[in-house]
$ cat my_file.cif   # mmCIF, N, CA, C and O atoms
data_work
loop_
_atom_site.group_PDB
_atom_site.id
_atom_site.type_symbol
_atom_site.label_atom_id
_atom_site.label_comp_id
_atom_site.auth_asym_id
_atom_site.auth_seq_id
_atom_site.Cartn_x
_atom_site.Cartn_y
_atom_site.Cartn_z
ATOM 1 N N MET H 80 23.819 -5.754 21.313
ATOM 2 C CA MET H 80 22.549 -5.064 21.224
ATOM 3 C C MET H 80 22.247 -4.678 19.785
ATOM 4 O O MET H 80 23.141 -4.347 19.028
ATOM 5 N N TYR H 81 20.987 -4.692 19.465
ATOM 6 C CA TYR H 81 20.540 -4.278 18.136
ATOM 7 C C TYR H 81 20.243 -2.794 18.124
ATOM 8 O O TYR H 81 19.745 -2.242 19.082
ATOM 9 N N LYS H 82 20.559 -2.166 16.994
ATOM 10 C CA LYS H 82 20.230 -0.759 16.827
ATOM 11 C C LYS H 82 18.885 -0.658 16.121
ATOM 12 O O LYS H 82 18.629 -1.393 15.172
ATOM 13 N N LEU H 83 18.058 0.224 16.580
ATOM 14 C CA LEU H 83 16.790 0.463 15.915
ATOM 15 C C LEU H 83 16.983 1.533 14.856
ATOM 16 O O LEU H 83 17.572 2.572 15.119
ATOM 17 N N HIS H 84 16.495 1.254 13.667
ATOM 18 C CA HIS H 84 16.599 2.206 12.580
ATOM 19 C C HIS H 84 15.205 2.665 12.193
ATOM 20 O O HIS H 84 14.269 1.883 12.162
ATOM 21 N N ALA H 85 15.085 3.921 11.884
ATOM 22 C CA ALA H 85 13.809 4.442 11.409
ATOM 23 C C ALA H 85 13.546 3.890 10.009
ATOM 24 O O ALA H 85 14.454 3.734 9.212
ATOM 25 N N ILE H 86 12.303 3.581 9.756
ATOM 26 C CA ILE H 86 11.931 3.068 8.451
ATOM 27 C C ILE H 86 11.835 4.242 7.486
ATOM 28 O O ILE H 86 11.085 5.178 7.725
ATOM 29 N N PRO H 87 12.610 4.220 6.414
ATOM 30 C CA PRO H 87 12.545 5.336 5.459
ATOM 31 C C PRO H 87 11.243 5.287 4.673
ATOM 32 O O PRO H 87 10.780 4.225 4.297
ATOM 33 N N GLY H 88 10.661 6.434 4.436
ATOM 34 C CA GLY H 88 9.438 6.521 3.654
ATOM 35 C C GLY H 88 8.199 6.331 4.502
ATOM 36 O O GLY H 88 8.273 5.985 5.680
ATOM 37 N N PRO H 89 7.052 6.558 3.883
ATOM 38 C CA PRO H 89 5.798 6.471 4.626
ATOM 39 C C PRO H 89 5.370 5.030 4.875
ATOM 40 O O PRO H 89 5.510 4.175 4.008
ATOM 41 N N VAL H 90 4.867 4.780 6.064
ATOM 42 C CA VAL H 90 4.262 3.497 6.396
ATOM 43 C C VAL H 90 2.786 3.797 6.586
ATOM 44 O O VAL H 90 2.417 4.607 7.433
ATOM 45 N N LYS H 91 1.946 3.179 5.761
ATOM 46 C CA LYS H 91 0.517 3.474 5.783
ATOM 47 C C LYS H 91 -0.292 2.197 5.760
ATOM 48 O O LYS H 91 0.231 1.124 5.498
ATOM 49 N N THR H 92 -1.582 2.355 6.014
ATOM 50 C CA THR H 92 -2.521 1.251 5.870
ATOM 51 C C THR H 92 -3.328 1.462 4.603
ATOM 52 O O THR H 92 -3.337 2.555 4.034
ATOM 53 N N LEU H 93 -4.020 0.426 4.161
ATOM 54 C CA LEU H 93 -4.885 0.570 2.998
ATOM 55 C C LEU H 93 -5.981 1.597 3.265
ATOM 56 O O LEU H 93 -6.387 2.332 2.369
ATOM 57 N N GLN H 94 -6.440 1.664 4.509
ATOM 58 C CA GLN H 94 -7.471 2.637 4.864
ATOM 59 C C GLN H 94 -6.970 4.069 4.676
ATOM 60 O O GLN H 94 -7.694 4.928 4.167
ATOM 61 N N GLN H 95 -5.737 4.332 5.061
ATOM 62 C CA GLN H 95 -5.178 5.672 4.894
ATOM 63 C C GLN H 95 -5.058 6.042 3.412
ATOM 64 O O GLN H 95 -5.338 7.176 3.026
ATOM 65 N N ILE H 96 -4.650 5.085 2.594
ATOM 66 C CA ILE H 96 -4.549 5.340 1.161
ATOM 67 C C ILE H 96 -5.944 5.570 0.580
ATOM 68 O O ILE H 96 -6.151 6.471 -0.231
ATOM 69 N N ALA H 97 -6.917 4.772 1.016
ATOM 70 C CA ALA H 97 -8.290 4.949 0.547
ATOM 71 C C ALA H 97 -8.816 6.336 0.926
ATOM 72 O O ALA H 97 -9.478 6.995 0.119
ATOM 73 N N ASP H 98 -8.517 6.791 2.128
ATOM 74 C CA ASP H 98 -8.947 8.120 2.566
ATOM 75 C C ASP H 98 -8.340 9.214 1.690
ATOM 76 O O ASP H 98 -9.002 10.202 1.379
ATOM 77 N N GLU H 99 -7.088 9.041 1.298
ATOM 78 C CA GLU H 99 -6.435 10.028 0.431
ATOM 79 C C GLU H 99 -7.124 10.128 -0.928
ATOM 80 O O GLU H 99 -7.195 11.203 -1.504
ATOM 81 N N TYR H 100 -7.608 8.987 -1.434
ATOM 82 C CA TYR H 100 -8.281 8.969 -2.729
ATOM 83 C C TYR H 100 -9.784 9.211 -2.600
ATOM 84 O O TYR H 100 -10.489 9.294 -3.610
ATOM 85 N N GLY H 101 -10.286 9.271 -1.375
ATOM 86 C CA GLY H 101 -11.699 9.536 -1.145
ATOM 87 C C GLY H 101 -12.606 8.371 -1.516
ATOM 88 O O GLY H 101 -13.732 8.574 -1.959
ATOM 89 N N VAL H 102 -12.110 7.157 -1.346
ATOM 90 C CA VAL H 102 -12.883 5.957 -1.660
ATOM 91 C C VAL H 102 -12.856 5.003 -0.471
ATOM 92 O O VAL H 102 -12.107 5.192 0.485
ATOM 93 N N HIS H 103 -13.677 3.961 -0.551
ATOM 94 C CA HIS H 103 -13.718 2.947 0.501
ATOM 95 C C HIS H 103 -12.514 2.010 0.375
ATOM 96 O O HIS H 103 -11.961 1.830 -0.723
ATOM 97 N N ARG H 104 -12.148 1.404 1.473
ATOM 98 C CA ARG H 104 -11.003 0.485 1.498
ATOM 99 C C ARG H 104 -11.184 -0.669 0.505
ATOM 100 O O ARG H 104 -10.233 -1.100 -0.143
ATOM 101 N N ASN H 105 -12.407 -1.162 0.359
ATOM 102 C CA ASN H 105 -12.656 -2.261 -0.586
ATOM 103 C C ASN H 105 -12.433 -1.830 -2.034
ATOM 104 O O ASN H 105 -12.038 -2.639 -2.873
ATOM 105 N N THR H 106 -12.683 -0.573 -2.331
ATOM 106 C CA THR H 106 -12.434 -0.059 -3.674
ATOM 107 C C THR H 106 -10.942 -0.082 -3.989
ATOM 108 O O THR H 106 -10.537 -0.476 -5.084
ATOM 109 N N ILE H 107 -10.132 0.339 -3.016
ATOM 110 C CA ILE H 107 -8.669 0.277 -3.196
ATOM 111 C C ILE H 107 -8.233 -1.163 -3.438
ATOM 112 O O ILE H 107 -7.401 -1.435 -4.300
ATOM 113 N N ARG H 108 -8.816 -2.089 -2.693
ATOM 114 C CA ARG H 108 -8.464 -3.500 -2.884
ATOM 115 C C ARG H 108 -8.776 -3.964 -4.299
ATOM 116 O O ARG H 108 -8.015 -4.720 -4.898
ATOM 117 N N LYS H 109 -9.925 -3.518 -4.842
ATOM 118 C CA LYS H 109 -10.273 -3.883 -6.225
ATOM 119 C C LYS H 109 -9.303 -3.250 -7.214
ATOM 120 O O LYS H 109 -8.923 -3.872 -8.198
ATOM 121 N N TRP H 110 -8.943 -2.003 -6.961
ATOM 122 C CA TRP H 110 -8.033 -1.299 -7.866
ATOM 123 C C TRP H 110 -6.659 -1.957 -7.926
ATOM 124 O O TRP H 110 -6.025 -1.979 -8.973
ATOM 125 N N ILE H 111 -6.165 -2.444 -6.777
ATOM 126 C CA ILE H 111 -4.805 -3.001 -6.748
ATOM 127 C C ILE H 111 -4.777 -4.506 -7.015
ATOM 128 O O ILE H 111 -3.720 -5.123 -6.942
ATOM 129 N N LYS H 112 -5.920 -5.082 -7.359
ATOM 130 C CA LYS H 112 -5.979 -6.522 -7.607
ATOM 131 C C LYS H 112 -4.948 -7.002 -8.627
ATOM 132 O O LYS H 112 -4.319 -8.042 -8.423
ATOM 133 N N PRO H 113 -4.700 -6.265 -9.741
ATOM 134 C CA PRO H 113 -3.700 -6.742 -10.714
ATOM 135 C C PRO H 113 -2.272 -6.819 -10.160
ATOM 136 O O PRO H 113 -1.464 -7.599 -10.667
ATOM 137 N N ILE H 114 -1.948 -6.011 -9.152
ATOM 138 C CA ILE H 114 -0.574 -6.038 -8.624
ATOM 139 C C ILE H 114 -0.486 -6.740 -7.277
ATOM 140 O O ILE H 114 0.570 -6.758 -6.654
ATOM 141 N N ARG H 115 -1.578 -7.319 -6.817
ATOM 142 C CA ARG H 115 -1.601 -7.966 -5.500
ATOM 143 C C ARG H 115 -0.494 -9.009 -5.320
ATOM 144 O O ARG H 115 0.140 -9.054 -4.275
ATOM 145 N N PRO H 116 -0.203 -9.858 -6.325
ATOM 146 C CA PRO H 116 0.883 -10.843 -6.137
ATOM 147 C C PRO H 116 2.247 -10.184 -5.881
ATOM 148 O O PRO H 116 3.073 -10.727 -5.159
ATOM 149 N N TYR H 117 2.471 -9.029 -6.466
ATOM 150 C CA TYR H 117 3.753 -8.332 -6.294
ATOM 151 C C TYR H 117 3.853 -7.638 -4.931
ATOM 152 O O TYR H 117 4.951 -7.361 -4.471
ATOM 153 N N LEU H 118 2.705 -7.354 -4.318
ATOM 154 C CA LEU H 118 2.703 -6.638 -3.037
ATOM 155 C C LEU H 118 3.072 -7.525 -1.860
ATOM 156 O O LEU H 118 3.476 -7.030 -0.817
ATOM 157 N N GLN H 119 2.903 -8.825 -2.016
ATOM 158 C CA GLN H 119 3.213 -9.767 -0.939
ATOM 159 C C GLN H 119 2.502 -9.363 0.348
ATOM 160 O O GLN H 119 3.105 -9.272 1.420
ATOM 161 N N LEU H 120 1.191 -9.124 0.253
ATOM 162 C CA LEU H 120 0.419 -8.706 1.419
ATOM 163 C C LEU H 120 0.272 -9.877 2.385
ATOM 164 O O LEU H 120 0.102 -11.016 1.987
ATOM 165 N N SER H 121 0.334 -9.555 3.649
ATOM 166 C CA SER H 121 0.128 -10.561 4.683
ATOM 167 C C SER H 121 -0.964 -10.042 5.612
ATOM 168 O O SER H 121 -1.662 -9.087 5.296
ATOM 169 N N SER H 122 -1.088 -10.621 6.752
ATOM 170 C CA SER H 122 -2.144 -10.220 7.667
ATOM 171 C C SER H 122 -1.812 -8.925 8.413
ATOM 172 O O SER H 122 -2.652 -8.398 9.114
ATOM 173 N N ARG H 123 -0.597 -8.428 8.251
ATOM 174 C CA ARG H 123 -0.249 -7.204 8.967
ATOM 175 C C ARG H 123 -1.045 -6.036 8.410
ATOM 176 O O ARG H 123 -1.391 -5.999 7.237
ATOM 177 N N ARG H 124 -1.302 -5.085 9.217
ATOM 178 C CA ARG H 124 -2.140 -3.966 8.814
ATOM 179 C C ARG H 124 -1.348 -2.880 8.111
ATOM 180 O O ARG H 124 -1.857 -2.226 7.224
ATOM 181 N N SER H 125 -0.121 -2.654 8.515
ATOM 182 C CA SER H 125 0.676 -1.582 7.917
ATOM 183 C C SER H 125 1.365 -2.077 6.653
ATOM 184 O O SER H 125 1.826 -3.205 6.587
ATOM 185 N N LEU H 126 1.416 -1.199 5.674
ATOM 186 C CA LEU H 126 2.139 -1.502 4.441
ATOM 187 C C LEU H 126 3.551 -0.958 4.560
ATOM 188 O O LEU H 126 3.761 0.123 5.100
ATOM 189 N N LEU H 127 4.503 -1.693 4.055
ATOM 190 C CA LEU H 127 5.884 -1.249 4.068
ATOM 191 C C LEU H 127 6.073 -0.139 3.040
ATOM 192 O O LEU H 127 5.290 -0.027 2.090
ATOM 193 N N PRO H 128 7.115 0.674 3.205
ATOM 194 C CA PRO H 128 7.324 1.787 2.272
ATOM 195 C C PRO H 128 7.367 1.363 0.803
ATOM 196 O O PRO H 128 6.807 2.039 -0.055
ATOM 197 N N TRP H 129 8.003 0.242 0.487
ATOM 198 C CA TRP H 129 8.078 -0.181 -0.911
ATOM 199 C C TRP H 129 6.703 -0.589 -1.428
ATOM 200 O O TRP H 129 6.399 -0.413 -2.614
ATOM 201 N N GLN H 130 5.830 -1.113 -0.549
ATOM 202 C CA GLN H 130 4.479 -1.476 -0.960
ATOM 203 C C GLN H 130 3.643 -0.228 -1.235
ATOM 204 O O GLN H 130 2.893 -0.170 -2.220
ATOM 205 N N VAL H 131 3.792 0.778 -0.368
ATOM 206 C CA VAL H 131 3.076 2.043 -0.555
ATOM 207 C C VAL H 131 3.497 2.682 -1.869
ATOM 208 O O VAL H 131 2.660 3.134 -2.659
ATOM 209 N N GLU H 132 4.793 2.687 -2.135
ATOM 210 C CA GLU H 132 5.311 3.280 -3.370
ATOM 211 C C GLU H 132 4.774 2.543 -4.601
ATOM 212 O O GLU H 132 4.378 3.165 -5.589
ATOM 213 N N LEU H 133 4.736 1.211 -4.539
ATOM 214 C CA LEU H 133 4.228 0.421 -5.656
ATOM 215 C C LEU H 133 2.749 0.714 -5.909
ATOM 216 O O LEU H 133 2.322 0.864 -7.062
ATOM 217 N N ILE H 134 1.968 0.842 -4.845
ATOM 218 C CA ILE H 134 0.540 1.156 -4.988
ATOM 219 C C ILE H 134 0.358 2.529 -5.613
ATOM 220 O O ILE H 134 -0.427 2.702 -6.551
ATOM 221 N N TYR H 135 1.085 3.526 -5.102
ATOM 222 C CA TYR H 135 0.968 4.878 -5.663
ATOM 223 C C TYR H 135 1.382 4.907 -7.129
ATOM 224 O O TYR H 135 0.718 5.539 -7.952
ATOM 225 N N ASP H 136 2.458 4.227 -7.467
ATOM 226 C CA ASP H 136 2.909 4.179 -8.865
ATOM 227 C C ASP H 136 1.838 3.549 -9.750
ATOM 228 O O ASP H 136 1.541 4.042 -10.833
ATOM 229 N N PHE H 137 1.252 2.453 -9.289
ATOM 230 C CA PHE H 137 0.230 1.771 -10.065
ATOM 231 C C PHE H 137 -1.022 2.629 -10.222
ATOM 232 O O PHE H 137 -1.586 2.709 -11.306
ATOM 233 N N LEU H 138 -1.442 3.280 -9.160
ATOM 234 C CA LEU H 138 -2.649 4.106 -9.228
ATOM 235 C C LEU H 138 -2.430 5.326 -10.108
ATOM 236 O O LEU H 138 -3.364 5.775 -10.776
ATOM 237 N N GLU H 139 -1.233 5.858 -10.148
ATOM 238 C CA GLU H 139 -0.941 6.989 -11.031
ATOM 239 C C GLU H 139 -0.987 6.558 -12.489
ATOM 240 O O GLU H 139 -1.431 7.304 -13.343
ATOM 241 N N ILE H 140 -0.544 5.349 -12.782
ATOM 242 C CA ILE H 140 -0.590 4.832 -14.145
ATOM 243 C C ILE H 140 -2.040 4.661 -14.568
ATOM 244 O O ILE H 140 -2.418 4.966 -15.689
ATOM 245 N N ARG H 141 -2.890 4.192 -13.656
ATOM 246 C CA ARG H 141 -4.305 3.997 -13.969
ATOM 247 C C ARG H 141 -4.999 5.321 -14.240
ATOM 248 O O ARG H 141 -5.927 5.379 -15.028
ATOM 249 N N LYS H 142 -4.555 6.401 -13.569
ATOM 250 C CA LYS H 142 -5.161 7.707 -13.757
ATOM 251 C C LYS H 142 -4.917 8.252 -15.156
ATOM 252 O O LYS H 142 -5.768 8.897 -15.744
ATOM 253 N N ALA H 143 -3.729 8.002 -15.665
ATOM 254 C CA ALA H 143 -3.322 8.595 -16.957
ATOM 255 C C ALA H 143 -4.041 7.991 -18.127
ATOM 256 O O ALA H 143 -4.694 7.055 -18.119
#
$ encode --input "my_file.cif" --output "structure tokens"
Amino acid sequence: MYKLHAIPGPVKTLQQIADEYGVHRNTIRKWIKPIRPYLQLSSRRSLLPWQVELIYDFLEIRKA
């Protein structure tokens, strides 16, 4: 039998991240365009914890 493990860190969608920043989902997509190849986005709706962390790190750099 396989053991189920909880996924460490937040699992979010682009919509949830957009809501946190108070912008539309398409705006977030434009903002993350430079790092899109590194995100390895697929058709799944949820972002993995490492993807969420990479987006937050990138958006914080853009703010500064």
$ closest_residue --input "my_file.cif" --among "H:Leu138, H:Leu120, H:Leu126, H:Ile114" --to "Gly88 of chain H" --atoms "all atoms listed in the file"
H:Leu126
$ residues_around --input "my_file.cif" --residues "Pro89 of chain H" --least-positions-apart "4" --cutoff "6 Å" --atoms "all atoms listed in the file" --output "compact mmCIF listing (two decimals) with N, CA, C and O atoms, in the coordinates of the input"
# COMPACT_ATOMS: atom_id res chain seq x y z
N LEU H 126 1.42 -1.20 5.67
CA LEU H 126 2.14 -1.50 4.44
C LEU H 126 3.55 -0.96 4.56
O LEU H 126 3.76 0.12 5.10
N LEU H 127 4.50 -1.69 4.06
CA LEU H 127 5.88 -1.25 4.07
C LEU H 127 6.07 -0.14 3.04
O LEU H 127 5.29 -0.03 2.09
N PRO H 128 7.12 0.67 3.20
CA PRO H 128 7.32 1.79 2.27
C PRO H 128 7.37 1.36 0.80
O PRO H 128 6.81 2.04 -0.06
N TRP H 129 8.00 0.24 0.49
CA TRP H 129 8.08 -0.18 -0.91
C TRP H 129 6.70 -0.59 -1.43
O TRP H 129 6.40 -0.41 -2.61
N VAL H 131 3.79 0.78 -0.37
CA VAL H 131 3.08 2.04 -0.56
C VAL H 131 3.50 2.68 -1.87
O VAL H 131 2.66 3.13 -2.66
$ select_by_dssp --input "my_file.cif" --residues "chain H" --states "alpha helix (DSSP H)" --output "MDAnalysis selection string"
chainID H and resid 93:100 104:110 115:118 128:142
$ write_last_selection --input "my_file.cif" --atoms "N, CA, C and O atoms" --output "CSV table (one decimal), in the coordinates of the input"
chain,number,residue,atom,x,y,z
H,93,LEU,N,-4.0,0.4,4.2
H,93,LEU,CA,-4.9,0.6,3.0
H,93,LEU,C,-6.0,1.6,3.3
H,93,LEU,O,-6.4,2.3,2.4
H,94,GLN,N,-6.4,1.7,4.5
H,94,GLN,CA,-7.5,2.6,4.9
H,94,GLN,C,-7.0,4.1,4.7
H,94,GLN,O,-7.7,4.9,4.2
H,95,GLN,N,-5.7,4.3,5.1
H,95,GLN,CA,-5.2,5.7,4.9
H,95,GLN,C,-5.1,6.0,3.4
H,95,GLN,O,-5.3,7.2,3.0
H,96,ILE,N,-4.6,5.1,2.6
H,96,ILE,CA,-4.5,5.3,1.2
H,96,ILE,C,-5.9,5.6,0.6
H,96,ILE,O,-6.2,6.5,-0.2
H,97,ALA,N,-6.9,4.8,1.0
H,97,ALA,CA,-8.3,4.9,0.5
H,97,ALA,C,-8.8,6.3,0.9
H,97,ALA,O,-9.5,7.0,0.1
H,98,ASP,N,-8.5,6.8,2.1
H,98,ASP,CA,-8.9,8.1,2.6
H,98,ASP,C,-8.3,9.2,1.7
H,98,ASP,O,-9.0,10.2,1.4
H,99,GLU,N,-7.1,9.0,1.3
H,99,GLU,CA,-6.4,10.0,0.4
H,99,GLU,C,-7.1,10.1,-0.9
H,99,GLU,O,-7.2,11.2,-1.5
H,100,TYR,N,-7.6,9.0,-1.4
H,100,TYR,CA,-8.3,9.0,-2.7
H,100,TYR,C,-9.8,9.2,-2.6
H,100,TYR,O,-10.5,9.3,-3.6
H,104,ARG,N,-12.1,1.4,1.5
H,104,ARG,CA,-11.0,0.5,1.5
H,104,ARG,C,-11.2,-0.7,0.5
H,104,ARG,O,-10.2,-1.1,-0.1
H,105,ASN,N,-12.4,-1.2,0.4
H,105,ASN,CA,-12.7,-2.3,-0.6
H,105,ASN,C,-12.4,-1.8,-2.0
H,105,ASN,O,-12.0,-2.6,-2.9
H,106,THR,N,-12.7,-0.6,-2.3
H,106,THR,CA,-12.4,-0.1,-3.7
H,106,THR,C,-10.9,-0.1,-4.0
H,106,THR,O,-10.5,-0.5,-5.1
H,107,ILE,N,-10.1,0.3,-3.0
H,107,ILE,CA,-8.7,0.3,-3.2
H,107,ILE,C,-8.2,-1.2,-3.4
H,107,ILE,O,-7.4,-1.4,-4.3
H,108,ARG,N,-8.8,-2.1,-2.7
H,108,ARG,CA,-8.5,-3.5,-2.9
H,108,ARG,C,-8.8,-4.0,-4.3
H,108,ARG,O,-8.0,-4.7,-4.9
H,109,LYS,N,-9.9,-3.5,-4.8
H,109,LYS,CA,-10.3,-3.9,-6.2
H,109,LYS,C,-9.3,-3.2,-7.2
H,109,LYS,O,-8.9,-3.9,-8.2
H,110,TRP,N,-8.9,-2.0,-7.0
H,110,TRP,CA,-8.0,-1.3,-7.9
H,110,TRP,C,-6.7,-2.0,-7.9
H,110,TRP,O,-6.0,-2.0,-9.0
H,115,ARG,N,-1.6,-7.3,-6.8
H,115,ARG,CA,-1.6,-8.0,-5.5
H,115,ARG,C,-0.5,-9.0,-5.3
H,115,ARG,O,0.1,-9.1,-4.3
H,116,PRO,N,-0.2,-9.9,-6.3
H,116,PRO,CA,0.9,-10.8,-6.1
H,116,PRO,C,2.2,-10.2,-5.9
H,116,PRO,O,3.1,-10.7,-5.2
H,117,TYR,N,2.5,-9.0,-6.5
H,117,TYR,CA,3.8,-8.3,-6.3
H,117,TYR,C,3.9,-7.6,-4.9
H,117,TYR,O,5.0,-7.4,-4.5
H,118,LEU,N,2.7,-7.4,-4.3
H,118,LEU,CA,2.7,-6.6,-3.0
H,118,LEU,C,3.1,-7.5,-1.9
H,118,LEU,O,3.5,-7.0,-0.8
H,128,PRO,N,7.1,0.7,3.2
H,128,PRO,CA,7.3,1.8,2.3
H,128,PRO,C,7.4,1.4,0.8
H,128,PRO,O,6.8,2.0,-0.1
H,129,TRP,N,8.0,0.2,0.5
H,129,TRP,CA,8.1,-0.2,-0.9
H,129,TRP,C,6.7,-0.6,-1.4
H,129,TRP,O,6.4,-0.4,-2.6
H,130,GLN,N,5.8,-1.1,-0.5
H,130,GLN,CA,4.5,-1.5,-1.0
H,130,GLN,C,3.6,-0.2,-1.2
H,130,GLN,O,2.9,-0.2,-2.2
H,131,VAL,N,3.8,0.8,-0.4
H,131,VAL,CA,3.1,2.0,-0.6
H,131,VAL,C,3.5,2.7,-1.9
H,131,VAL,O,2.7,3.1,-2.7
H,132,GLU,N,4.8,2.7,-2.1
H,132,GLU,CA,5.3,3.3,-3.4
H,132,GLU,C,4.8,2.5,-4.6
H,132,GLU,O,4.4,3.2,-5.6
H,133,LEU,N,4.7,1.2,-4.5
H,133,LEU,CA,4.2,0.4,-5.7
H,133,LEU,C,2.7,0.7,-5.9
H,133,LEU,O,2.3,0.9,-7.1
H,134,ILE,N,2.0,0.8,-4.8
H,134,ILE,CA,0.5,1.2,-5.0
H,134,ILE,C,0.4,2.5,-5.6
H,134,ILE,O,-0.4,2.7,-6.6
H,135,TYR,N,1.1,3.5,-5.1
H,135,TYR,CA,1.0,4.9,-5.7
H,135,TYR,C,1.4,4.9,-7.1
H,135,TYR,O,0.7,5.5,-8.0
H,136,ASP,N,2.5,4.2,-7.5
H,136,ASP,CA,2.9,4.2,-8.9
H,136,ASP,C,1.8,3.5,-9.8
H,136,ASP,O,1.5,4.0,-10.8
H,137,PHE,N,1.3,2.5,-9.3
H,137,PHE,CA,0.2,1.8,-10.1
H,137,PHE,C,-1.0,2.6,-10.2
H,137,PHE,O,-1.6,2.7,-11.3
H,138,LEU,N,-1.4,3.3,-9.2
H,138,LEU,CA,-2.6,4.1,-9.2
H,138,LEU,C,-2.4,5.3,-10.1
H,138,LEU,O,-3.4,5.8,-10.8
H,139,GLU,N,-1.2,5.9,-10.1
H,139,GLU,CA,-0.9,7.0,-11.0
H,139,GLU,C,-1.0,6.6,-12.5
H,139,GLU,O,-1.4,7.3,-13.3
H,140,ILE,N,-0.5,5.3,-12.8
H,140,ILE,CA,-0.6,4.8,-14.1
H,140,ILE,C,-2.0,4.7,-14.6
H,140,ILE,O,-2.4,5.0,-15.7
H,141,ARG,N,-2.9,4.2,-13.7
H,141,ARG,CA,-4.3,4.0,-14.0
H,141,ARG,C,-5.0,5.3,-14.2
H,141,ARG,O,-5.9,5.4,-15.0
H,142,LYS,N,-4.6,6.4,-13.6
H,142,LYS,CA,-5.2,7.7,-13.8
H,142,LYS,C,-4.9,8.3,-15.2
H,142,LYS,O,-5.8,8.9,-15.7
$ residues_around --input "my_file.cif" --residues "segment 92-97 of chain H" --least-positions-apart "5" --cutoff "7 Å" --atoms "only C-alpha atoms" --output "PyMOL selection string"
chain H and resi 102-104+107+124-126
$ atom_distance --input "my_file.cif" --atom1 "atom O of Gln119 of chain H" --atom2 "atom C of Gly101 of chain H"
23.8 Å
$ atom_distance --input "my_file.cif" --atom1 "atom CA of Tyr100 of chain H" --atom2 "atom C of Leu133 of chain H"
14.1 Å
$ atom_distance --input "my_file.cif" --atom1 "atom C of Lys112 of chain H" --atom2 "atom CA of Lys91 of chain H"
18.6 Å
$ axis_aligned_box --input "my_file.cif" --around "segment 107-119 of chain H" --padding-each-side "3 Å" --output "AutoDock Vina command-line options"
--center_x -2.7 --center_y -5.3 --center_z -4.6 --size_x 21.2 --size_y 17.2 --size_z 18.1
$ build_atoms --input "my_file.cif" --residues "segment 113-117 of chain H" --atoms "all heavy atoms" --output "mmCIF file, in the frame of the given file"
data_model
loop_
_atom_site.group_PDB
_atom_site.id
_atom_site.type_symbol
_atom_site.label_atom_id
_atom_site.label_comp_id
_atom_site.auth_asym_id
_atom_site.auth_seq_id
_atom_site.Cartn_x
_atom_site.Cartn_y
_atom_site.Cartn_z
ATOM 1 N N PRO H 113 -4.700 -6.265 -9.741
ATOM 2 C CA PRO H 113 -3.700 -6.742 -10.714
ATOM 3 C C PRO H 113 -2.272 -6.819 -10.160
ATOM 4 O O PRO H 113 -1.464 -7.599 -10.667
ATOM 5 C CB PRO H 113 -3.769 -5.704 -11.840
ATOM 6 C CG PRO H 113 -5.110 -5.072 -11.713
ATOM 7 C CD PRO H 113 -5.423 -5.093 -10.243
ATOM 8 N N ILE H 114 -1.948 -6.011 -9.152
ATOM 9 C CA ILE H 114 -0.574 -6.038 -8.624
ATOM 10 C C ILE H 114 -0.486 -6.740 -7.277
ATOM 11 O O ILE H 114 0.570 -6.758 -6.654
ATOM 12 C CB ILE H 114 0.017 -4.614 -8.514
ATOM 13 C CG1 ILE H 114 -0.797 -3.736 -7.559
ATOM 14 C CG2 ILE H 114 0.164 -3.987 -9.877
ATOM 15 C CD1 ILE H 114 -0.112 -2.443 -7.180
ATOM 16 N N ARG H 115 -1.578 -7.319 -6.817
ATOM 17 C CA ARG H 115 -1.601 -7.966 -5.500
ATOM 18 C C ARG H 115 -0.494 -9.009 -5.320
ATOM 19 O O ARG H 115 0.140 -9.054 -4.275
ATOM 20 C CB ARG H 115 -2.968 -8.570 -5.240
ATOM 21 C CG ARG H 115 -3.167 -9.003 -3.812
ATOM 22 C CD ARG H 115 -4.627 -9.346 -3.556
ATOM 23 N NE ARG H 115 -4.804 -9.849 -2.224
ATOM 24 C CZ ARG H 115 -4.963 -9.097 -1.160
ATOM 25 N NH1 ARG H 115 -4.994 -7.796 -1.279
ATOM 26 N NH2 ARG H 115 -5.105 -9.637 0.038
ATOM 27 N N PRO H 116 -0.203 -9.858 -6.325
ATOM 28 C CA PRO H 116 0.883 -10.843 -6.137
ATOM 29 C C PRO H 116 2.247 -10.184 -5.881
ATOM 30 O O PRO H 116 3.073 -10.727 -5.159
ATOM 31 C CB PRO H 116 0.906 -11.622 -7.448
ATOM 32 C CG PRO H 116 -0.432 -11.411 -8.058
ATOM 33 C CD PRO H 116 -0.892 -10.063 -7.601
ATOM 34 N N TYR H 117 2.471 -9.029 -6.466
ATOM 35 C CA TYR H 117 3.753 -8.332 -6.294
ATOM 36 C C TYR H 117 3.853 -7.638 -4.931
ATOM 37 O O TYR H 117 4.951 -7.361 -4.471
ATOM 38 C CB TYR H 117 3.961 -7.298 -7.397
ATOM 39 C CG TYR H 117 3.903 -7.893 -8.771
ATOM 40 C CD1 TYR H 117 2.822 -7.655 -9.601
ATOM 41 C CD2 TYR H 117 4.922 -8.715 -9.242
ATOM 42 C CE1 TYR H 117 2.753 -8.214 -10.862
ATOM 43 C CE2 TYR H 117 4.861 -9.284 -10.506
ATOM 44 C CZ TYR H 117 3.769 -9.027 -11.307
ATOM 45 O OH TYR H 117 3.711 -9.583 -12.556
#
